[in-house]
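Below: one structure, written as structure tokens.
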Amino acid sequence: MPSLKDLRNRIASVKATQKITKAMQMVAAAKLRRAQLAAEAARPFAQRMETVLANLVGGMGPDAQGPALLSGTGKDNVHLLVVCTAERGLCGAFNSSIVRLARERALSLMSQGKTVKILCVGKKGYDQLRRQFEKQIIELIELRAVKQMAFSDADPIGRKIIAMFESGEFDVCTIFFARFRSVIAQIPTALQLIPALIPTAAETVGAQASYDYEPNEGDILSTLLPRNISIQVFRALLENAASEQGARMSSMDNATRNAGDMIKKQTITYNRSRQAMITKELIEIISGAEAL
């Protein structure tokens, strides 16, 4: 049985940990509001971009040849998986859920004889994936220095993906991230970037109107599709930022509660041990006095 000093040290250690988890919870709650507003503000823009692209694709003739970013290479032998995770831990299963989805997709493609390449955005995803897919990882992009996500942080990633596609390094590109729903719900999502999955006009809101474009639809698509990739990457990073803070806030709240329960149990054990020692000493004193 631990001594009273050991119990006191244990209680003090748990109390110090509880203060840290409580502080991290409050910081995550403060950051969550701003990250959530940014993610929600980006969704209408991305959806409107899909509507415009759907109109453009719908206006093209049946025999028109679209840009390569839209039609692809005609093959699906080489797949690029862009896995977006956090730079830091202590956010529950946030990183693991994204990595699990990417791992399942990679193993499924490899079992079909496809070549898989992985581009990691965020150190935590890289740390988990390199244990099993070290040879498939081509690069790690760290955003640790970024305090608030901006389009200027996502655009280089989008340009890199386009440059790799134009140089023939892959046929299909899919990005993995966590879509923010609430503080306790973050949904791991896989979104195909290349070839672009453009919804039909009937599937998009506001896409029923007919437009005449100048210049033609193909020229406009050649300009918008690269922009759309950077926008989708930016949206994924914003969704990840909000999901990370929500997951961290929930995780640190659970840790704080668990620390409180542990402190109560250790305090009860300490009081019982102390009372037992006092009782034992009293019995020894009384027994000694009676012996005299």
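Following the order of the structure tokens, chains are lettered A, B, ..., residues in each are numbered from 1, and ligands are numbered from 1.
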**Message:** Please identify the alpha helix (DSSP H) residues within region 64-201 of chain A (assignment by DSSP from backbone atoms) and present them as a ChimeraX atom specification.
**Reply:** /A:68-71,94-111,123-133,151-166
**Message:** I need the residues of region 36-124 of chain A that end up classed as strand (DSSP E) by DSSP on the backbone, written out as a list in words.
**Reply:**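 Residues of region 36-124 of chain A classed as strand (DSSP E): Val78, His79, Leu80, Leu81, Val82, Val83, Cys84, Thr115, Val116, Lys117, Ile118, Leu119, Cys120 and Val121 of chain A.
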Can you tell me, as a PDB file with all heavy atoms, in the first residue's frame, what residues are no more than 10 Å from Lys75 (chain A) when counting only C-alpha atoms, ignoring any on the same chain fewer than 5 positions away?
```
ATOM      1  N   PHE A 170       0.690  11.254 -61.480  1.00  0.00           N
ATOM      2  CA  PHE A 170      -0.451  10.473 -60.991  1.00  0.00           C
ATOM      3  C   PHE A 170      -1.626  10.660 -61.940  1.00  0.00           C
ATOM      4  O   PHE A 170      -1.627  11.557 -62.806  1.00  0.00           O
ATOM      5  CB  PHE A 170      -0.832  10.886 -59.564  1.00  0.00           C
ATOM      6  CG  PHE A 170      -1.356  12.299 -59.451  1.00  0.00           C
ATOM      7  CD1 PHE A 170      -2.693  12.593 -59.639  1.00  0.00           C
ATOM      8  CD2 PHE A 170      -0.495  13.351 -59.156  1.00  0.00           C
ATOM      9  CE1 PHE A 170      -3.169  13.886 -59.539  1.00  0.00           C
ATOM     10  CE2 PHE A 170      -0.960  14.644 -59.043  1.00  0.00           C
ATOM     11  CZ  PHE A 170      -2.300  14.915 -59.240  1.00  0.00           C
ATOM     12  N   ASP A 171      -2.643   9.806 -61.764  1.00  0.00           N
ATOM     13  CA  ASP A 171      -3.846   9.857 -62.600  1.00  0.00           C
ATOM     14  C   ASP A 171      -5.064  10.367 -61.837  1.00  0.00           C
ATOM     15  O   ASP A 171      -5.910  11.058 -62.395  1.00  0.00           O
ATOM     16  CB  ASP A 171      -4.155   8.462 -63.166  1.00  0.00           C
ATOM     17  CG  ASP A 171      -3.015   7.904 -63.998  1.00  0.00           C
ATOM     18  OD1 ASP A 171      -2.475   8.660 -64.819  1.00  0.00           O
ATOM     19  OD2 ASP A 171      -2.664   6.726 -63.814  1.00  0.00           O
ATOM     20  N   VAL A 172      -5.162   9.994 -60.559  1.00  0.00           N
ATOM     21  CA  VAL A 172      -6.316  10.365 -59.729  1.00  0.00           C
ATOM     22  C   VAL A 172      -5.797  10.932 -58.411  1.00  0.00           C
ATOM     23  O   VAL A 172      -4.859  10.384 -57.821  1.00  0.00           O
ATOM     24  CB  VAL A 172      -7.231   9.149 -59.450  1.00  0.00           C
ATOM     25  CG1 VAL A 172      -8.427   9.561 -58.596  1.00  0.00           C
ATOM     26  CG2 VAL A 172      -7.703   8.523 -60.753  1.00  0.00           C
TER      27      VAL A 172
END
```
**Among the residues A:Asn240, A:Gln266, A:Ser287, A:Gln47, the one that comes closest to Thr85 (chain A) [using only C-alpha atoms]** = A:Asn240
**Asked** With only C-alpha atoms as the atoms that count, which of A:Thr279, A:Thr256, A:Gln128, A:Thr269 lies nearest to Ala16 (chain A)?
**Response** A:Thr256
**Request:** Name the closest residue to Gly168 (chain A) among the candidates A:Ile141, A:Ala39, A:Ala54, A:Ala68; distances are taken between atoms, counting only C-alpha atoms.
**Result:**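 Among the listed residues, A:Ala68 lies closest to Gly168 (chain A).
The coordinates place CA of Leu53 (chain A) at 23.6 Å from CA of His79 (chain A).
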**Message:** Report, in Å with one decimal, the straight-line distance from CA of Glu244 (chain A) to CA of Cys91 (chain A).
**Reply:**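 If I compute the distance from CA of Glu244 (chain A) to CA of Cys91 (chain A), I get 6.4 Å.
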**Request:** Would you please work out which residue, of A:Pro44, A:Pro156, A:Gly89, A:Pro195, is nearest to Lys123 (chain A) when using only C-alpha atoms?
**Result:**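 The answer is A:Gly89, which sits nearest to Lys123 (chain A).
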**Request:** Using only C-alpha atoms, determine which residues lie at most 12 Å from Ala86 (chain A), disregarding the query and same-chain residues fewer than 4 positions distant; provide the list as a PyMOL selection string.
**Result:** chain A and resi 90-99+120-128+141-144+146+177-178+236-245+247-248
**Fill in**
Between A:Ala106, A:Met49, A:Ile137, A:Ile184, smallest distance to Ser250 (chain A) by only C-alpha atoms belongs to A:Ile184
